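Remarks on the structure that follows.
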Amino acid sequence: MVFISLICFMGEANAQNKGKNKGKKNNKPTIVEPEYTQLPANSNDCLFAIELNPDVAYGPTTPPKDAGRLMEITRDKNNPFAFECEHNSVWYKFTAPYSGNLEISITPNSEWDDYDFMVYRYTDVYFSNHLIQNRIKPLAASIARKDTTGIAAATPRDKKGNVKDKPRSKRMTQPTMGMSHDGKRYFIAANESEEFLKSLAVKKGEVYYIVLDNKNANGMGHTIKVSIQVESFEPLVVFYDPTLKRNIDVDLLIQEKNTGNRPIVKNPAFRGGKIKFVPGFNYSLYAKKDGYFTIFKEFNSNIFKDDTLLRFNLNKTVKGTVFPITDIYFDDDAKLLPESDTSLLNYIQMFKGHPELTFQIKGYVQSYAIDIEAEQKISIARAQSVKEFFVAHGLSADKITIAGMTQNEIKRAAAAALNKHQVFKDTKVELIITGINK
């Protein structure tokens, strides 16, 4: 769920007040409410707990209402840190994708709300029955409640229960409770001042349940996010336009292949930033933007042992765009050597994502113009070898033309190297966009 946090300034006064306030402007800010996530039916019972994805915020939600059909939680002398009972509760569950320390952040929608929460480890299919019979104790619990019922009950609301007096409602934007590496203990009793519990060690594949409870029947919902903290690499990931010479935003998807392609980033407008990668894990990255080549890359996170920056160049899909290729190799007969595969496969993947494009492969040679005609034939043969490689790996031959150096180009390159003491160009082949079929 995407938060919308905008302040809009009203222009001219509305139609009812045109005559009275003609020519005047109302600069009073109007707060645009975020889009709320409707809590599913029966999510106040653990049998219908909402599945959470690690590192993905859920919310802001509508307020939880009632205790559900089952009263799973009641306090007894053997379980003093439980709620005395459920009031307005919601249940969540998640599966740890890898071992580490569980952290939870809970952000109420309003300063009037004060949630309590508990964390349980799932046992078996009788988990709900065990809870009702108080046979399972929470691994962690925070019941440091403050009384806000009187304030919220006195707040004017419309027929849908929404707060009318917006200036009195301070919307929370930062977590006010949860579990953190800074926490000191696993249980916080009523009227204690600590807000964050100690993070909990979890193992890959374990299932955990979190129950939130709000005694305030006039609550305004919350946002919750869980994450598994491990030793990690956190490189800066950016996407660069070499023409504009600046970073740009992209539609980005990064999946963690070790955990069944779990998305760790899914952002339609990623503007660059640090991303957490688990050491030794494999990932796939997809980045796209209208008017640019789509980027696909698979990699192991150990590449970040020495690198703290992952920068991708985004090239525009416009006619005339040139991609000079230097890291490919030929034998004396202009046949590609296996060392060229990695570089060329990257370009194949790039063009496969844009079947609307046609392009030319132009071959180059380093020549002293001793046998211009022979060198020209070699440049064309190099381009032909690359085309055959591209076609063998799935690109359409109809979309590819080939060319070599002209005799004048060979003469100019040789003259520059001989007379001006310049080195030959490292480019072996160029890929040149020749058309866009829409």
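By order in the structure tokens, chains are A, B, ...; within a chain, residues start at 1; ligands start at 1, following the order shown.
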Just want the 12 Å neighbourhood of Gln349 in chain A, counted on only C-alpha atoms, with same-chain residues fewer than 3 positions away dropped. Output as an NGL selection string. :A and (286 or 293-298 or 342-346 or 352-355 or 390 or 393-395)
Resulting file, chosen residues, N, CA and C atoms, as a PDB file, in the first residue's frame:
ATOM      1  N   TYR A 286      14.836  -6.729 -12.236  1.00  0.00           N
ATOM      2  CA  TYR A 286      14.162  -6.232 -13.428  1.00  0.00           C
ATOM      3  C   TYR A 286      13.925  -4.730 -13.243  1.00  0.00           C
ATOM      4  N   PHE A 293      15.693   0.852 -22.590  1.00  0.00           N
ATOM      5  CA  PHE A 293      15.862  -0.582 -22.597  1.00  0.00           C
ATOM      6  C   PHE A 293      15.588  -1.145 -21.203  1.00  0.00           C
ATOM      7  N   THR A 294      14.852  -2.255 -21.174  1.00  0.00           N
ATOM      8  CA  THR A 294      14.616  -2.947 -19.910  1.00  0.00           C
ATOM      9  C   THR A 294      15.905  -3.627 -19.465  1.00  0.00           C
ATOM     10  N   ILE A 295      16.152  -3.604 -18.164  1.00  0.00           N
ATOM     11  CA  ILE A 295      17.347  -4.244 -17.609  1.00  0.00           C
ATOM     12  C   ILE A 295      16.937  -5.511 -16.868  1.00  0.00           C
ATOM     13  N   PHE A 296      17.598  -6.618 -17.184  1.00  0.00           N
ATOM     14  CA  PHE A 296      17.433  -7.851 -16.426  1.00  0.00           C
ATOM     15  C   PHE A 296      18.820  -8.332 -16.021  1.00  0.00           C
ATOM     16  N   LYS A 297      18.977  -8.638 -14.743  1.00  0.00           N
ATOM     17  CA  LYS A 297      20.283  -9.087 -14.264  1.00  0.00           C
ATOM     18  C   LYS A 297      20.089 -10.104 -13.146  1.00  0.00           C
ATOM     19  N   GLU A 298      20.835 -11.198 -13.220  1.00  0.00           N
ATOM     20  CA  GLU A 298      20.892 -12.175 -12.127  1.00  0.00           C
ATOM     21  C   GLU A 298      22.286 -12.100 -11.508  1.00  0.00           C
ATOM     22  N   THR A 342      29.479 -14.151 -22.494  1.00  0.00           N
ATOM     23  CA  THR A 342      28.857 -13.407 -21.392  1.00  0.00           C
ATOM     24  C   THR A 342      28.400 -12.026 -21.831  1.00  0.00           C
ATOM     25  N   SER A 343      29.261 -11.307 -22.523  1.00  0.00           N
ATOM     26  CA  SER A 343      28.915  -9.961 -22.963  1.00  0.00           C
ATOM     27  C   SER A 343      27.754  -9.983 -23.956  1.00  0.00           C
ATOM     28  N   LEU A 344      27.816 -10.872 -24.950  1.00  0.00           N
ATOM     29  CA  LEU A 344      26.788 -10.904 -25.981  1.00  0.00           C
ATOM     30  C   LEU A 344      25.440 -11.374 -25.441  1.00  0.00           C
ATOM     31  N   LEU A 345      25.456 -12.290 -24.476  1.00  0.00           N
ATOM     32  CA  LEU A 345      24.193 -12.764 -23.890  1.00  0.00           C
ATOM     33  C   LEU A 345      23.457 -11.639 -23.172  1.00  0.00           C
ATOM     34  N   ASN A 346      24.191 -10.717 -22.592  1.00  0.00           N
ATOM     35  CA  ASN A 346      23.549  -9.566 -21.947  1.00  0.00           C
ATOM     36  C   ASN A 346      22.806  -8.712 -22.973  1.00  0.00           C
ATOM     37  N   LYS A 352      15.759  -8.878 -26.486  1.00  0.00           N
ATOM     38  CA  LYS A 352      14.579  -9.737 -26.376  1.00  0.00           C
ATOM     39  C   LYS A 352      13.432  -9.012 -25.688  1.00  0.00           C
ATOM     40  N   GLY A 353      13.758  -8.112 -24.810  1.00  0.00           N
ATOM     41  CA  GLY A 353      12.723  -7.356 -24.108  1.00  0.00           C
ATOM     42  C   GLY A 353      12.109  -6.259 -24.947  1.00  0.00           C
ATOM     43  N   HIS A 354      12.639  -6.055 -26.159  1.00  0.00           N
ATOM     44  CA  HIS A 354      12.131  -4.987 -27.027  1.00  0.00           C
ATOM     45  C   HIS A 354      12.035  -5.504 -28.465  1.00  0.00           C
ATOM     46  N   PRO A 355      11.063  -6.382 -28.708  1.00  0.00           N
ATOM     47  CA  PRO A 355      10.915  -6.951 -30.057  1.00  0.00           C
ATOM     48  C   PRO A 355      10.515  -5.924 -31.104  1.00  0.00           C
ATOM     49  N   PHE A 390      23.473 -14.240 -32.240  1.00  0.00           N
ATOM     50  CA  PHE A 390      22.210 -13.670 -31.778  1.00  0.00           C
ATOM     51  C   PHE A 390      21.022 -14.519 -32.245  1.00  0.00           C
ATOM     52  N   HIS A 393      20.504 -17.708 -30.461  1.00  0.00           N
ATOM     53  CA  HIS A 393      20.004 -17.554 -29.096  1.00  0.00           C
ATOM     54  C   HIS A 393      18.648 -16.840 -29.054  1.00  0.00           C
ATOM     55  N   GLY A 394      17.914 -16.892 -30.170  1.00  0.00           N
ATOM     56  CA  GLY A 394      16.507 -16.515 -30.103  1.00  0.00           C
ATOM     57  C   GLY A 394      16.102 -15.195 -30.709  1.00  0.00           C
ATOM     58  N   LEU A 395      17.047 -14.393 -31.197  1.00  0.00           N
ATOM     59  CA  LEU A 395      16.654 -13.135 -31.834  1.00  0.00           C
ATOM     60  C   LEU A 395      16.278 -13.387 -33.297  1.00  0.00           C
TER      61      LEU A 395
END
Selection near range 264-270 of chain A, 7 Å with only C-alpha atoms, sequence-local residues under 5 positions removed, as number ranges by chain: A: 55, 249-256
Tell me, which residues of range 49-94 of chain A carry DSSP strand (DSSP E or B), written as a VMD selection string? chain A and resid 50 to 51 58 61 74 76 79 85 89 to 94
Taking into account only C-alpha atoms, which residue in the set A:Asp327, A:Ile372, A:Lys276, A:Phe233 is nearest to Asp307 in chain A? A:Phe233
Please identify the alpha helix (DSSP H) residues within range 168-392 of chain A (assignment by DSSP from backbone atoms) and present them as an NGL selection string. :A and (341-352 or 372-392)
Out of A:Asp66, A:Glu111, A:Asp45, A:Glu231, which residue has the shortest atom-to-atom distance to Ile132 in chain A when counting only C-alpha atoms?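 With only C-alpha atoms as the atom set, the closest residue is A:Asp45.
The smallest atom-to-atom distance between Leu200 in chain A and any of A:Ser99, A:Thr406, A:Thr326, A:Gln174, using only C-alpha atoms, is found for A:Ser99.
Atom pair CA of Thr223 in chain A / CA of Ser105 in chain A has a distance of 8.1 Å (rounded to one decimal).
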Just checking: using only C-alpha atoms, which residue out of A:Leu52, A:Val391, A:Cys85, A:Ile210 ends up closest to Gly68 in chain A?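 The shortest atom-to-atom distance to Gly68 in chain A comes from A:Cys85.
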Neighbouring residues of Pro97 in chain A were defined as those with any atom within 9 Å, considering only C-alpha atoms; residues of the same chain fewer than 6 positions away were excluded. Please report them as a ChimeraX atom specification. /A:54,203-206,228,258-259,262
Please list as a PyMOL selection string every residue within 12 Å of Thr243 in chain A, counting only C-alpha atoms and excluding residues in the same chain fewer than 3 positions away. chain A and resi 240+246-248+292+313-316+318+321-322
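Across the model, the gap from CA of Phe424 in chain A to CA of Gln366 in chain A is 6.2 Å.
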What's the separation between CA of Glu86 in chain A and CA of Met71 in chain A, in Å to one decimal place?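 About the pair CA of Glu86 in chain A and CA of Met71 in chain A: they are 6.5 Å apart.
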Neighbours of Glu388 in chain A within 12 Å (only C-alpha atoms; same-chain residues fewer than 3 positions away dropped), as a ChimeraX atom specification? /A:335-336,344,348,361,381-385,391-398,400-402
Residues near Asp124 in chain A, cut-off 12 Å, only C-alpha atoms, skip fewer than 2 positions along chain, as a PyMOL selection string: chain A and resi 121-122+126-131+136+206-208
Selection export as an mmCIF file, in the first residue's frame, atoms kept: N, CA and C atoms:
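Produced file out.cif, reproduced below:
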data_model
loop_
_atom_site.group_PDB
_atom_site.id
_atom_site.type_symbol
_atom_site.label_atom_id
_atom_site.label_comp_id
_atom_site.auth_asym_id
_atom_site.auth_seq_id
_atom_site.Cartn_x
_atom_site.Cartn_y
_atom_site.Cartn_z
ATOM 1 N N ARG A 121 4.783 -18.416 18.522
ATOM 2 C CA ARG A 121 5.295 -19.320 17.497
ATOM 3 C C ARG A 121 4.248 -20.395 17.240
ATOM 4 N N TYR A 122 3.964 -20.623 15.960
ATOM 5 C CA TYR A 122 2.963 -21.627 15.577
ATOM 6 C C TYR A 122 3.428 -23.014 15.997
ATOM 7 N N TYR A 126 -3.607 -27.585 15.849
ATOM 8 C CA TYR A 126 -4.462 -27.288 17.009
ATOM 9 C C TYR A 126 -4.043 -25.993 17.703
ATOM 10 N N PHE A 127 -3.288 -25.177 17.002
ATOM 11 C CA PHE A 127 -2.748 -23.946 17.573
ATOM 12 C C PHE A 127 -3.845 -23.086 18.200
ATOM 13 N N SER A 128 -4.947 -22.875 17.483
ATOM 14 C CA SER A 128 -6.029 -22.033 17.998
ATOM 15 C C SER A 128 -6.619 -22.616 19.279
ATOM 16 N N ASN A 129 -6.820 -23.918 19.309
ATOM 17 C CA ASN A 129 -7.358 -24.555 20.520
ATOM 18 C C ASN A 129 -6.404 -24.403 21.700
ATOM 19 N N HIS A 130 -5.118 -24.544 21.413
ATOM 20 C CA HIS A 130 -4.133 -24.374 22.483
ATOM 21 C C HIS A 130 -4.185 -22.956 23.057
ATOM 22 N N LEU A 131 -4.379 -21.961 22.186
ATOM 23 C CA LEU A 131 -4.479 -20.587 22.658
ATOM 24 C C LEU A 131 -5.680 -20.407 23.576
ATOM 25 N N ILE A 136 -0.473 -22.226 25.465
ATOM 26 C CA ILE A 136 0.691 -21.622 24.810
ATOM 27 C C ILE A 136 0.907 -20.231 25.367
ATOM 28 N N GLU A 206 10.075 -21.172 10.151
ATOM 29 C CA GLU A 206 9.173 -21.083 11.297
ATOM 30 C C GLU A 206 8.045 -20.096 11.010
ATOM 31 N N VAL A 207 6.863 -20.404 11.559
ATOM 32 C CA VAL A 207 5.687 -19.562 11.367
ATOM 33 C C VAL A 207 5.373 -18.852 12.676
ATOM 34 N N TYR A 208 5.104 -17.556 12.596
ATOM 35 C CA TYR A 208 4.816 -16.754 13.783
ATOM 36 C C TYR A 208 3.487 -16.031 13.624
#
From the set A:Met172, A:Ala141, A:Ser89, A:Ile50, which residue has the shortest atom-to-atom contact distance to Ile106 in chain A, counting only C-alpha atoms?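 Using only C-alpha atoms, Ile106 in chain A sits closest to A:Met172.
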